[in-house]
Every structure is written in structure tokens, then in C-alpha cells.
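Text of the file run_7.csv, holding CSV, C-alpha atoms:
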```
chain,number,residue,atom,x,y,z
A,129,MET,CA,-33.7,-19.7,-17.8
A,130,ALA,CA,-30.0,-19.1,-17.2
A,131,PRO,CA,-29.2,-17.2,-13.9
A,132,THR,CA,-28.1,-13.5,-14.2
A,133,SER,CA,-24.4,-13.0,-14.0
A,134,TYR,CA,-23.1,-9.9,-12.3
A,135,TRP,CA,-19.7,-8.6,-13.3
A,136,ALA,CA,-17.0,-6.6,-11.5
A,137,HIS,CA,-14.8,-5.7,-14.4
A,138,SER,CA,-14.7,-6.0,-18.2
A,139,ALA,CA,-11.6,-7.2,-20.0
A,140,PRO,CA,-9.1,-4.5,-20.9
A,141,ASN,CA,-9.5,-5.2,-24.6
A,142,SER,CA,-13.3,-5.7,-24.7
A,143,ARG,CA,-15.4,-3.6,-26.9
A,144,ALA,CA,-18.5,-1.7,-25.8
A,145,GLY,CA,-21.7,-3.6,-26.8
A,146,SER,CA,-19.9,-6.9,-27.4
A,147,ASP,CA,-21.6,-10.1,-26.2
A,148,SER,CA,-18.3,-11.7,-25.4
A,149,ARG,CA,-17.5,-12.0,-21.7
A,150,ALA,CA,-14.1,-13.6,-22.1
A,151,ASP,CA,-11.8,-12.6,-19.4
A,152,TRP,CA,-14.5,-10.6,-17.5
A,153,GLN,CA,-14.4,-11.0,-13.8
A,154,LEU,CA,-17.5,-12.1,-11.9
A,155,LEU,CA,-18.4,-9.7,-9.1
A,156,SER,CA,-18.8,-12.5,-6.5
A,157,VAL,CA,-15.3,-13.8,-7.3
A,158,HIS,CA,-13.8,-10.3,-7.0
A,159,LEU,CA,-15.5,-9.6,-3.7
A,160,GLU,CA,-14.4,-12.8,-2.1
A,161,ALA,CA,-10.8,-12.5,-3.4
A,162,VAL,CA,-10.4,-8.9,-2.2
A,163,ALA,CA,-11.8,-9.9,1.2
A,164,ARG,CA,-9.3,-12.8,1.5
A,165,MET,CA,-6.4,-10.6,0.5
A,166,ALA,CA,-7.4,-7.7,2.7
A,167,HIS,CA,-7.5,-10.1,5.6
A,168,THR,CA,-4.0,-11.4,4.7
A,169,LEU,CA,-2.6,-7.9,4.4
A,170,ALA,CA,-4.2,-6.9,7.8
A,171,LEU,CA,-2.7,-9.9,9.6
A,172,ALA,CA,0.7,-9.2,8.1
A,173,ALA,CA,0.5,-5.6,9.4
A,174,ARG,CA,-0.9,-6.6,12.8
A,175,PRO,CA,-0.3,-10.4,13.3
A,176,LEU,CA,-2.1,-10.8,16.6
A,177,ASP,CA,-5.1,-8.5,15.8
A,178,GLU,CA,-7.8,-10.8,14.4
A,179,SER,CA,-10.4,-8.1,15.0
A,180,PHE,CA,-8.6,-5.7,12.7
A,181,ALA,CA,-8.2,-8.4,10.1
A,182,ASN,CA,-11.9,-9.3,10.3
A,183,LEU,CA,-12.9,-5.6,9.7
A,184,ALA,CA,-10.5,-5.5,6.7
A,185,SER,CA,-12.2,-8.7,5.3
A,186,ILE,CA,-15.7,-7.1,5.8
A,187,SER,CA,-14.6,-4.0,3.9
A,188,GLY,CA,-13.4,-6.3,1.1
A,189,LEU,CA,-16.7,-8.0,0.8
A,190,LEU,CA,-18.8,-4.8,0.9
A,191,HIS,CA,-16.6,-2.4,-1.1
A,192,ASP,CA,-18.1,-3.0,-4.5
A,193,LEU,CA,-21.6,-3.9,-3.3
A,194,GLY,CA,-23.0,-1.1,-5.5
A,195,LYS,CA,-21.9,-2.9,-8.6
A,196,TYR,CA,-24.9,-5.1,-8.3
A,197,SER,CA,-27.0,-2.2,-9.5
A,198,ASP,CA,-28.7,-2.2,-12.9
A,199,CYS,CA,-26.9,1.1,-13.6
A,200,PHE,CA,-23.4,-0.4,-13.1
A,201,GLN,CA,-24.1,-3.6,-15.0
A,202,THR,CA,-25.5,-1.6,-17.9
A,203,MET,CA,-22.5,0.7,-17.9
A,204,LEU,CA,-20.1,-2.3,-18.1
A,205,ARG,CA,-22.0,-3.7,-21.1
A,206,THR,CA,-22.4,-0.5,-23.0
A,207,GLY,CA,-19.4,1.5,-21.9
A,208,GLN,CA,-21.6,4.5,-21.3
A,209,GLY,CA,-22.6,6.5,-18.3
A,210,ARG,CA,-21.3,6.8,-14.7
A,211,CYS,CA,-22.5,5.0,-11.6
A,212,GLN,CA,-21.7,5.5,-8.0
A,213,HIS,CA,-20.9,2.1,-6.5
A,214,ALA,CA,-18.9,2.8,-3.3
A,215,ILE,CA,-21.7,4.4,-1.2
A,216,HIS,CA,-23.9,1.3,-1.0
A,217,GLY,CA,-21.4,-0.9,0.9
A,218,ALA,CA,-20.5,2.1,3.1
A,219,MET,CA,-24.2,2.6,4.0
A,220,LEU,CA,-24.6,-1.1,4.9
A,221,ALA,CA,-21.5,-0.9,7.2
A,222,TYR,CA,-22.8,2.3,8.8
A,223,PHE,CA,-26.6,1.7,9.2
A,224,GLY,CA,-26.5,-2.1,9.4
A,225,VAL,CA,-29.0,-4.5,7.8
A,226,LYS,CA,-31.9,-3.2,9.9
A,227,GLY,CA,-31.4,0.3,8.6
A,228,THR,CA,-30.8,2.1,11.8
A,229,VAL,CA,-27.4,3.4,13.0
A,230,ARG,CA,-25.9,1.0,15.5
A,231,ARG,CA,-23.8,2.3,18.4
A,232,PRO,CA,-21.1,1.9,17.5
A,233,GLY,CA,-21.6,1.5,13.8
A,234,LEU,CA,-18.8,0.1,11.6
A,235,ASN,CA,-17.5,3.7,11.0
A,236,THR,CA,-14.0,2.6,10.1
A,237,VAL,CA,-15.2,0.2,7.5
A,238,MET,CA,-17.7,2.8,6.2
A,239,ALA,CA,-15.0,5.4,5.7
A,240,ALA,CA,-12.6,2.9,4.0
A,241,ILE,CA,-15.3,1.7,1.5
A,242,ALA,CA,-16.7,5.2,0.8
A,243,GLY,CA,-13.3,6.5,-0.2
A,244,HIS,CA,-11.7,3.5,-1.9
A,245,HIS,CA,-11.8,5.3,-5.3
A,246,ALA,CA,-12.2,9.0,-4.5
A,247,GLY,CA,-10.1,9.1,-1.3
A,248,LEU,CA,-10.8,9.7,2.4
A,249,ALA,CA,-13.1,12.6,3.0
A,250,ASP,CA,-14.2,14.8,5.9
A,251,TRP,CA,-16.8,13.3,8.2
A,252,SER,CA,-19.4,15.9,7.1
A,253,ASP,CA,-19.1,14.7,3.5
A,254,TYR,CA,-19.8,11.1,4.6
A,255,GLN,CA,-22.9,12.2,6.5
A,256,LYS,CA,-24.3,14.0,3.4
A,257,LYS,CA,-23.8,11.0,1.1
A,258,LEU,CA,-25.0,8.4,3.6
A,259,ASN,CA,-28.4,10.2,3.9
A,260,GLU,CA,-29.2,10.5,0.2
A,261,LYS,CA,-32.6,8.9,-0.3
A,262,HIS,CA,-31.8,7.6,-3.8
A,263,TYR,CA,-29.0,5.3,-2.6
A,264,GLN,CA,-31.1,4.2,0.5
A,265,CYS,CA,-33.9,3.1,-1.8
A,266,GLU,CA,-31.5,1.3,-4.1
A,267,GLY,CA,-29.7,-0.4,-1.3
A,268,GLU,CA,-32.4,-3.1,-0.3
A,269,GLU,CA,-32.7,-4.4,-3.9
A,270,ILE,CA,-28.9,-4.5,-4.3
A,271,LEU,CA,-28.4,-6.3,-1.0
A,272,ALA,CA,-30.9,-9.0,-1.9
A,273,ARG,CA,-29.1,-9.6,-5.2
A,274,ALA,CA,-25.7,-9.6,-3.6
A,275,SER,CA,-26.6,-12.0,-0.8
A,276,ASN,CA,-28.0,-14.5,-3.3
A,277,ASP,CA,-25.1,-14.2,-5.7
A,278,CYS,CA,-22.1,-14.1,-3.3
A,279,GLN,CA,-22.4,-16.8,-0.7
A,280,GLU,CA,-19.7,-15.4,1.6
A,281,LEU,CA,-21.2,-11.9,1.5
A,282,GLY,CA,-24.6,-13.3,2.4
A,283,ARG,CA,-23.0,-15.1,5.4
A,284,ILE,CA,-21.3,-11.9,6.6
A,285,VAL,CA,-24.4,-9.7,6.1
A,286,SER,CA,-26.5,-12.1,8.3
A,287,LYS,CA,-24.1,-11.4,11.2
A,288,LEU,CA,-23.3,-7.8,10.4
A,289,ASP,CA,-25.4,-6.2,13.1
A,290,SER,CA,-23.5,-8.1,15.8
A,291,GLN,CA,-20.1,-6.9,14.5
A,292,GLN,CA,-18.1,-4.5,16.7
A,293,ASP,CA,-16.1,-1.6,15.3
A,294,ALA,CA,-12.5,-1.3,16.4
A,295,TYR,CA,-11.5,0.6,19.6
A,296,PRO,CA,-14.8,2.1,20.7
A,297,GLY,CA,-14.0,5.4,22.4
A,298,ALA,CA,-10.5,5.6,20.8
A,299,THR,CA,-8.8,9.0,20.5
A,300,LYS,CA,-9.2,10.9,17.2
A,301,ALA,CA,-5.6,10.2,16.4
A,302,LYS,CA,-5.9,6.4,16.9
A,303,LEU,CA,-9.2,6.3,15.0
A,304,ASP,CA,-7.6,8.2,12.1
A,305,LEU,CA,-4.7,5.8,11.9
A,306,PHE,CA,-7.0,2.8,12.2
A,307,ILE,CA,-9.1,4.0,9.3
A,308,ARG,CA,-6.0,4.6,7.2
A,309,MET,CA,-4.8,1.1,7.9
A,310,ILE,CA,-8.1,-0.5,6.9
A,311,PHE,CA,-8.3,1.8,3.9
A,312,SER,CA,-4.8,0.8,2.9
A,313,CYS,CA,-5.5,-3.0,3.1
A,314,LEU,CA,-8.7,-2.6,1.1
A,315,VAL,CA,-7.3,-0.4,-1.6
A,316,ASP,CA,-4.2,-2.6,-2.1
A,317,ALA,CA,-6.2,-5.8,-2.2
A,318,ASP,CA,-8.7,-4.3,-4.6
A,319,ARG,CA,-6.0,-3.0,-7.0
A,320,LEU,CA,-4.0,-6.2,-6.9
A,321,ASN,CA,-7.0,-8.4,-7.6
A,322,SER,CA,-8.3,-6.1,-10.4
A,323,ALA,CA,-4.8,-6.2,-12.0
A,324,GLY,CA,-4.6,-10.0,-11.7
A,325,ARG,CA,-1.5,-9.7,-9.4
A,326,ASP,CA,-0.6,-11.5,-6.2
A,327,LEU,CA,1.6,-10.6,-3.3
A,328,LEU,CA,5.3,-10.8,-3.9
A,329,LYS,CA,6.1,-11.7,-0.3
A,330,ASN,CA,9.8,-11.1,-0.6
A,331,GLU,CA,11.3,-11.8,2.8
A,332,LEU,CA,13.8,-9.5,4.5
A,333,CYS,CA,16.1,-12.5,5.5
A,334,ALA,CA,17.6,-10.1,8.1
A,335,ASP,CA,20.2,-12.4,9.6
A,336,GLU,CA,21.5,-13.6,6.2
A,337,ARG,CA,21.7,-10.0,4.8
A,338,LEU,CA,23.3,-8.8,8.0
A,339,GLN,CA,26.1,-11.2,7.5
A,340,THR,CA,26.5,-10.0,3.9
A,341,LEU,CA,26.7,-6.4,5.1
A,342,LEU,CA,29.2,-7.1,7.9
A,343,LYS,CA,31.4,-9.0,5.5
A,344,HIS,CA,31.3,-6.0,3.1
A,345,MET,CA,32.1,-3.6,5.9
A,346,ALA,CA,35.0,-5.7,7.1
A,347,GLU,CA,36.4,-5.6,3.5
A,348,LEU,CA,36.1,-1.8,3.5
A,349,GLN,CA,37.8,-1.6,6.9
A,350,ASN,CA,40.7,-3.8,5.7
A,351,LYS,CA,41.3,-1.3,2.8
A,352,SER,CA,41.2,1.7,5.1
A,353,PRO,CA,44.4,3.3,6.4
A,354,GLU,CA,45.1,2.9,10.1
A,355,GLY,CA,44.2,5.9,12.2
A,356,ARG,CA,41.6,7.6,14.2
A,357,VAL,CA,38.9,7.6,11.5
A,358,LYS,CA,39.1,3.8,11.1
A,359,GLN,CA,38.9,3.3,14.9
A,360,MET,CA,35.8,5.6,15.1
A,361,ARG,CA,34.0,3.8,12.3
A,362,ALA,CA,34.5,0.5,14.0
A,363,GLN,CA,33.2,2.0,17.3
A,364,VAL,CA,30.1,3.4,15.5
A,365,LEU,CA,29.3,0.0,14.1
A,366,GLU,CA,29.9,-1.7,17.4
A,367,ASN,CA,27.6,0.8,19.2
A,368,CYS,CA,24.9,0.3,16.5
A,369,LEU,CA,24.9,-3.5,16.8
A,370,SER,CA,24.8,-3.3,20.6
A,371,ALA,CA,21.9,-0.8,20.6
A,372,ALA,CA,19.8,-3.1,18.4
A,373,SER,CA,18.7,-5.3,21.3
A,374,ALA,CA,17.4,-2.3,23.4
A,375,GLN,CA,13.7,-2.0,24.1
A,376,HIS,CA,13.4,1.6,23.1
A,377,ARG,CA,11.1,2.6,20.2
A,378,LEU,CA,13.2,5.7,19.0
A,379,PHE,CA,16.9,5.8,18.5
A,380,SER,CA,19.3,8.6,17.6
A,381,LEU,CA,22.6,8.3,15.7
A,382,SER,CA,24.7,11.4,15.5
A,383,VAL,CA,27.8,10.8,13.4
A,384,PRO,CA,29.8,13.3,11.4
A,385,THR,CA,30.3,12.9,7.6
A,386,GLY,CA,32.7,10.1,6.9
A,387,GLY,CA,31.9,8.2,10.1
A,388,GLY,CA,30.2,5.3,8.3
A,389,LYS,CA,26.7,5.9,9.5
A,390,THR,CA,25.0,4.9,6.2
A,391,LEU,CA,26.1,1.3,6.6
A,392,ALA,CA,26.2,1.3,10.4
A,393,ALA,CA,22.5,2.4,10.6
A,394,MET,CA,21.6,-0.4,8.2
A,395,ALA,CA,23.5,-2.9,10.3
A,396,PHE,CA,21.5,-1.7,13.3
A,397,ALA,CA,18.2,-2.2,11.4
A,398,LEU,CA,19.1,-5.7,10.2
A,399,ARG,CA,20.4,-6.8,13.6
A,400,ARG,CA,17.2,-5.6,15.3
A,401,ALA,CA,15.0,-7.3,12.6
A,402,ALA,CA,17.0,-10.5,13.1
A,403,LEU,CA,16.5,-10.4,16.9
A,404,TYR,CA,12.8,-9.6,16.7
A,405,PRO,CA,11.5,-11.2,13.4
A,406,GLN,CA,7.9,-11.1,14.6
A,407,ARG,CA,8.1,-7.3,15.1
A,408,PHE,CA,9.9,-6.3,11.9
A,409,ARG,CA,9.7,-7.3,8.3
A,410,ARG,CA,11.0,-4.4,6.3
A,411,VAL,CA,13.6,-1.5,6.4
A,412,ILE,CA,12.6,1.9,5.0
A,413,VAL,CA,15.3,4.5,4.5
A,414,VAL,CA,13.8,8.1,4.4
A,415,ILE,CA,16.1,10.8,3.0
A,416,PRO,CA,15.3,14.4,2.2
A,417,TYR,CA,17.6,15.0,-0.8
A,418,LEU,CA,17.8,13.2,-4.1
A,419,SER,CA,21.5,13.6,-4.3
A,420,ILE,CA,21.9,11.7,-1.0
A,421,ILE,CA,19.2,9.1,-2.0
A,422,GLU,CA,21.1,8.2,-5.1
A,423,GLN,CA,24.4,8.0,-3.3
A,424,ASN,CA,23.0,5.8,-0.4
A,425,ALA,CA,21.0,3.6,-2.8
A,426,LYS,CA,24.2,2.9,-4.8
A,427,VAL,CA,25.9,1.9,-1.6
A,428,TYR,CA,23.1,-0.5,-0.5
A,429,SER,CA,22.8,-1.9,-4.1
A,430,GLU,CA,26.5,-2.8,-4.0
A,431,VAL,CA,25.9,-4.8,-0.8
A,432,PHE,CA,22.5,-6.4,-1.4
A,433,GLY,CA,22.1,-6.3,-5.1
A,434,GLN,CA,19.8,-4.0,-7.1
A,435,ASP,CA,16.8,-6.4,-7.0
A,436,ALA,CA,16.6,-6.3,-3.2
A,437,LEU,CA,16.3,-2.5,-3.2
A,438,LEU,CA,13.2,-0.5,-4.2
A,439,GLU,CA,13.9,3.2,-4.9
A,440,HIS,CA,10.8,5.4,-5.0
A,441,HIS,CA,11.5,9.0,-5.8
A,442,SER,CA,11.3,11.4,-8.7
A,443,GLY,CA,14.8,10.5,-9.9
A,444,SER,CA,13.8,6.9,-10.5
A,445,ILE,CA,11.4,7.6,-13.4
A,446,GLN,CA,12.2,6.4,-16.9
A,447,LYS,CA,12.5,9.3,-19.5
A,448,LEU,CA,9.6,9.8,-21.9
A,449,VAL,CA,10.0,10.4,-25.6
A,450,ARG,CA,7.6,11.9,-28.1
A,451,LYS,CA,5.9,9.4,-30.4
A,452,GLN,CA,4.0,10.4,-33.6
A,453,VAL,CA,0.3,9.6,-33.2
A,454,GLU,CA,-2.5,10.7,-35.4
A,455,ASN,CA,-4.4,13.7,-34.0
A,456,ASP,CA,-2.2,13.8,-30.9
A,457,GLU,CA,0.9,16.1,-31.1
A,458,ASP,CA,1.8,15.6,-27.4
A,459,HIS,CA,1.9,11.8,-27.2
A,460,TYR,CA,4.8,10.4,-25.1
A,461,VAL,CA,5.8,6.9,-24.3
A,462,PRO,CA,8.7,5.4,-22.1
A,463,GLY,CA,11.9,5.6,-24.1
A,464,SER,CA,13.8,2.5,-25.0
A,465,ASP,CA,17.5,2.0,-24.6
A,466,GLN,CA,17.9,2.7,-28.3
A,467,ASP,CA,16.0,6.0,-27.9
A,468,ASN,CA,18.1,7.2,-24.9
A,469,ILE,CA,21.4,5.4,-24.5
A,470,GLU,CA,22.5,8.1,-22.1
A,471,GLU,CA,19.5,7.4,-19.9
A,472,LYS,CA,21.1,4.1,-18.7
A,473,LYS,CA,22.2,6.1,-15.7
A,474,PHE,CA,18.5,6.6,-14.8
A,475,GLN,CA,17.3,4.3,-12.1
A,476,GLN,CA,14.7,1.9,-13.5
A,477,THR,CA,13.5,0.7,-10.1
A,478,GLY,CA,10.9,3.4,-10.0
A,479,LEU,CA,9.0,1.6,-12.8
A,480,ARG,CA,8.6,-1.6,-10.7
A,481,LEU,CA,5.1,-2.4,-9.7
A,482,GLU,CA,6.2,-2.6,-6.0
A,483,THR,CA,6.3,1.2,-5.9
A,484,GLU,CA,2.5,1.1,-5.8
A,485,ASN,CA,2.5,-0.6,-2.4
A,486,TRP,CA,6.1,-1.0,-1.2
A,487,ASP,CA,6.0,-4.8,-1.2
A,488,ALA,CA,9.8,-5.1,-0.9
A,489,PRO,CA,12.3,-5.8,1.9
A,490,PHE,CA,14.2,-2.5,1.4
A,491,ILE,CA,12.7,0.8,0.5
A,492,VAL,CA,14.6,4.0,-0.2
A,493,THR,CA,12.4,7.0,-0.6
A,494,THR,CA,12.1,10.8,0.1
A,495,SER,CA,10.8,12.5,3.2
A,496,VAL,CA,7.9,13.9,1.1
A,497,ARG,CA,6.9,10.5,-0.3
A,498,PHE,CA,7.1,8.9,3.1
A,499,PHE,CA,5.0,11.4,4.9
A,500,GLU,CA,2.5,11.7,2.0
A,501,SER,CA,2.0,8.0,2.4
A,502,LEU,CA,1.0,8.5,6.1
A,503,PHE,CA,-1.0,11.8,5.9
A,504,SER,CA,-2.4,12.0,2.4
A,505,ASN,CA,-6.1,11.2,1.7
A,506,ARG,CA,-5.4,9.8,-1.8
A,507,PRO,CA,-5.8,6.0,-2.4
A,508,ALA,CA,-2.5,5.8,-4.4
A,509,ASP,CA,-0.6,7.2,-1.4
A,510,LEU,CA,-2.4,5.5,1.4
A,511,ARG,CA,-2.2,2.1,-0.3
A,512,ARG,CA,1.3,1.8,1.2
A,513,VAL,CA,0.4,2.4,4.8
A,514,HIS,CA,-0.1,-1.2,5.8
A,515,ASN,CA,3.3,-2.1,4.5
A,516,ILE,CA,4.9,0.7,6.6
A,517,ALA,CA,3.6,-1.2,9.7
A,518,ARG,CA,6.2,-3.5,11.2
A,519,SER,CA,9.0,-1.6,9.5
A,520,ILE,CA,12.2,-0.2,10.8
A,521,VAL,CA,12.3,3.4,9.5
A,522,ILE,CA,15.7,5.1,9.2
A,523,LEU,CA,15.2,8.9,9.0
A,524,ASP,CA,18.5,10.2,7.5
A,525,GLU,CA,19.4,13.9,7.9
A,526,VAL,CA,16.5,14.1,10.3
A,527,GLN,CA,17.4,17.6,11.4
A,528,THR,CA,15.9,18.8,8.1
A,529,LEU,CA,12.4,18.1,9.3
```
Step by step, read the file and then write its structure as C-alpha cells.
Amino acid sequence: MAPTSYWAHSAPNSRAGSDSRADWQLLSVHLEAVARMAHTLALAARPLDESFANLASISGLLHDLGKYSDCFQTMLRTGQGRCQHAIHGAMLAYFGVKGTVRRPGLNTVMAAIAGHHAGLADWSDYQKKLNEKHYQCEGEEILARASNDCQELGRIVSKLDSQQDAYPGATKAKLDLFIRMIFSCLVDADRLNSAGRDLLKNELCADERLQTLLKHMAELQNKSPEGRVKQMRAQVLENCLSAASAQHRLFSLSVPTGGGKTLAAMAFALRRAALYPQRFRRVIVVIPYLSIIEQNAKVYSEVFGQDALLEHHSGSIQKLVRKQVENDEDHYVPGSDQDNIEEKKFQQTGLRLETENWDAPFIVTTSVRFFESLFSNRPADLRRVHNIARSIVILDEVQTL
């Protein structure tokens, strides 16, 4: 008798009730791949924190544990019904294999798994779900299947009760951020693997891009008329380059309009990233107004090229056009160049897949988008948090906060 296969996803074009399993993804393959990628993302965010990376890996192995249920596998085959599948892995992280709450339990992993589809919730919501008898009864059978089917998961489960959660006794603020970081690594790894995508790993190449920027600024200086403004722009640049080696964590740059702070601030960031490559891997420019964003993004694009820059804001969305579809009067699709020749001036970078997780060397975004990425509870927003780590963040027009 052939062994039972457990599936994580059906193929996008598969039909309900079809016996074909072409392009379906095995659940064991998905769990192990997400665990590996979550571990990679965690180490990229915190290179020396193996404990954090280990917890991210555990969250990857356990996040879809509930898909081993009969309910979920039937739903995949028939396309009918709904099945909760996040709570089972969360319960295992919280209660442990022996079924009693450990002190400390893997609370950070539990929260990340429980919310990886619905979003982070209040602690009281977790307590209610974790104590539902139906899922507790289902858990033992699911765990036995999973341990037999996924070798790596079985190995981790056998050692789960000895695992330590991160930062026992941490302040609420640190615990909150730690959960968001694990959640971010898990969600990004899950989404990337489900979509069949890998990490782009575009390097900042800070020193090389700094030389490109300084060459560009020198050309601008040569074209500028002699006078006090030219002297002050040169002084601003010199001060920014000098400050880049300082040990401070926060810096302030106060320069009046026309003083060259847009490029000088970027020169500071690149010099600092070149001096401390282990600490910094990305530059994020946060601007409150769309008009300033588009102006600054144009300047940066002229220096580094459009492909190096990722704009993520409401002005970077492709215009939609109405398309005639039967029984759907309000059907819209992205317009082509032929449909909207005038829309060539729209930024197309907002359509790039990197906007989902900010996997790019330069990010230009709005204040709202940036702070939503830090403080939201939605998976789509928090997915970017791990890529904010080890970034130099330039808050332009910071007085508007």
C-alpha cells in the first residue's frame, strides 16, 4: 500500500476534485524549506544571534503543522470548507510535547505561528484559542503524522521541551519587537516559498556606490557658480562624510533648502555602511510627502540607476483600466502602455515584488508606510521588519513627525 502524501499547497491552475497532483507542494518539503529560509533571514537580520535564528527555524517547521489534519487535506482535494491550521503549531510551541506549559514556554514562536495568516493578536486572544479542547484533541494525532512524514520536524519535536525562549524576563517593549522580528522572518519565508521565489540578495556595494555618488556631486559642484552657496554645500558634504565614522546611533542634519542635504545625507549613509559593512546592509529613506519623495527618488535614480532604487508609496502604483468581463461590470486590470501612454510618468517600481519585503539596497518610502511596517499587526506590513534591521534610516523632514 502506497504511503499517504500530505500536501501544503495545490497548484494555482488545479481543479477541485482532480486526481492530478502535478505541481502540488508536499507539506514536508514546504516546512523544511520555510525553516531554512527563516533561519537565513534571521541570521541576515542578526548575524551573531544563533538563538534567534534557531527560534525562527522552529517557527518555520511548526507553522503549518495543522495542515496534517484530515480536514485540511480534504479541503485541498475538494476545494470546499475552511480549516484552522495555524493553532496546532502554536499550541505545540506553547505547551510543549508533554502537554504542560513550560516556564518559559516558546511564547515568541507561539505568537508568530498563531498570527502568520490572521496577524498578531492580543495575548488574551491567544489564551482563548490555545485552550480550545477541539484543537488539543486533534493535536496528538497531527503531531504523530507530522513526525513520521517530516524527518526534520520529528527531530526538532524530540528536543522541543529543552528549547529556551528568547530573553526570559525581557521588558514588554523588547519582547514585542522580538516577536515582530520572528513573525517577519516566518511570514516572509512562508510567502516566498509558497510563491516559488528565492531571495534576491542584491548587495548594497556601499563603497562602490559612494564613489559613484561623490563623482556625481563633484560634477554638480563644477557646474555651480562660485560663491557662498557652493562653499556651504561643500562644507555640508565634508561634515557628513566626517560624521560617518562616529559611534553615535542617532545623527541630526539641519541644512536649509538648497544646501545639498539630499545627496550629502546619502553620502553619509554610504560612507558609514562602507566603514561598518557587518552592521549595515541597506539604506532606507523615509519622507513624509509624495512630492518630495518623487523629487528625491529622481535624484537618486540619476546617480545609481532606477533598478537600484525601490520606491514604495501610493504614487508608484500602475493605473488600472476597465476591462469588459461577463457578469462583472467593475473589472479592472493594470493598464498597458498602449492603454495609457500618458501614464509613462507613473513610477513602475511599486509593482516590483520587492515591495512586499523590501529586499533591495535602497528603499524610498513614506513615513506612514515605514511606521506601519514597525507597528502594524498585519502580516503584509510586518513582513518587512526583518529587512529594516541593519539598515541606515534617513528620516527626511523629521520635524513633521
Handout entry: Given only C-alpha atoms as the counted atoms, nearest of A:Glu422, A:Glu500, A:Glu482, A:Asp192 to Arg325 of chain A
Key = A:Glu482
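Closest approach to Arg512 of chain A among A:Arg164, A:Lys300, A:Arg319, A:His344: A:Arg319, based on all atoms listed in the file.
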Pull the closest atom pair for each residue of segment 239-331 of chain A that gets at most 7 Å from segment 514-522 of chain A, along with the distance in Å to one decimal, counting only C-alpha atoms, ordering rows by chain and then ascending residue number, as CSV.
```
residue,atom,partner,partner_atom,distance
A:Met309,CA,A:His514,CA,5.6
A:Ser312,CA,A:His514,CA,5.9
A:Cys313,CA,A:His514,CA,6.3
```
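Our summary of the geometry notes that atom CA of His262 of chain A is positioned 28.0 Å from atom CA of Ser322 of chain A.
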Handout entry: Test item: residues at most 10 Å from segment 374-385 of chain A, only C-alpha atoms, excluding those fewer than 2 positions along its chain, as a ChimeraX atom specification
Key = /A:360-361,364,367-368,370-372,387-390,392-393,400,520-526
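The nearest approach to Cys211 of chain A among the residues A:Tyr417, A:Trp251, A:Phe498, A:Tyr196, with only C-alpha atoms taken into account, belongs to A:Tyr196.
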Completion exercise
Between atom CA of Asp198 of chain A and atom CA of Gln212 of chain A lies a distance of 11.5 Å
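Of note, atom CA of Leu183 of chain A and atom CA of Val285 of chain A are spaced 12.7 Å apart.
Using all atoms listed in the file, the smallest distance between any of A:Thr493, A:Gln434, A:Gln264, A:Ser504 and Val225 of chain A comes from A:Gln264.
If you measure from each of A:Gln339, A:Gln423, A:Asn321, A:Gln201 to Arg399 of chain A using all atoms listed in the file, the closest one turns out to be A:Gln339.
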Handout entry: Selection: 12 Å around Glu266 of chain A, only C-alpha atoms, excl. self and same-chain fewer than 3 positions, as a PyMOL selection string
Key = chain A and resi 193-199+212-213+215-217+219-220+260-263+269-273
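The residue that comes closest to Met394 of chain A, out of A:Gly355, A:Phe490, A:His244, A:Glu331 and on the basis of all atoms listed in the file, is A:Phe490.
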Problem - Residues within 12 Å of Gly433 of chain A, only C-alpha atoms, excluding chain neighbours under 6 positions, as a PyMOL selection string - result: chain A and resi 337+340-341+425-427+490
Handout entry: Neighbour residues at most 9 Å from (-6.0, -6.6, 5.2) (all atoms listed in the file) as a ChimeraX atom specification
Key = /A:162-173,180-185,188,309-314,316-317,514
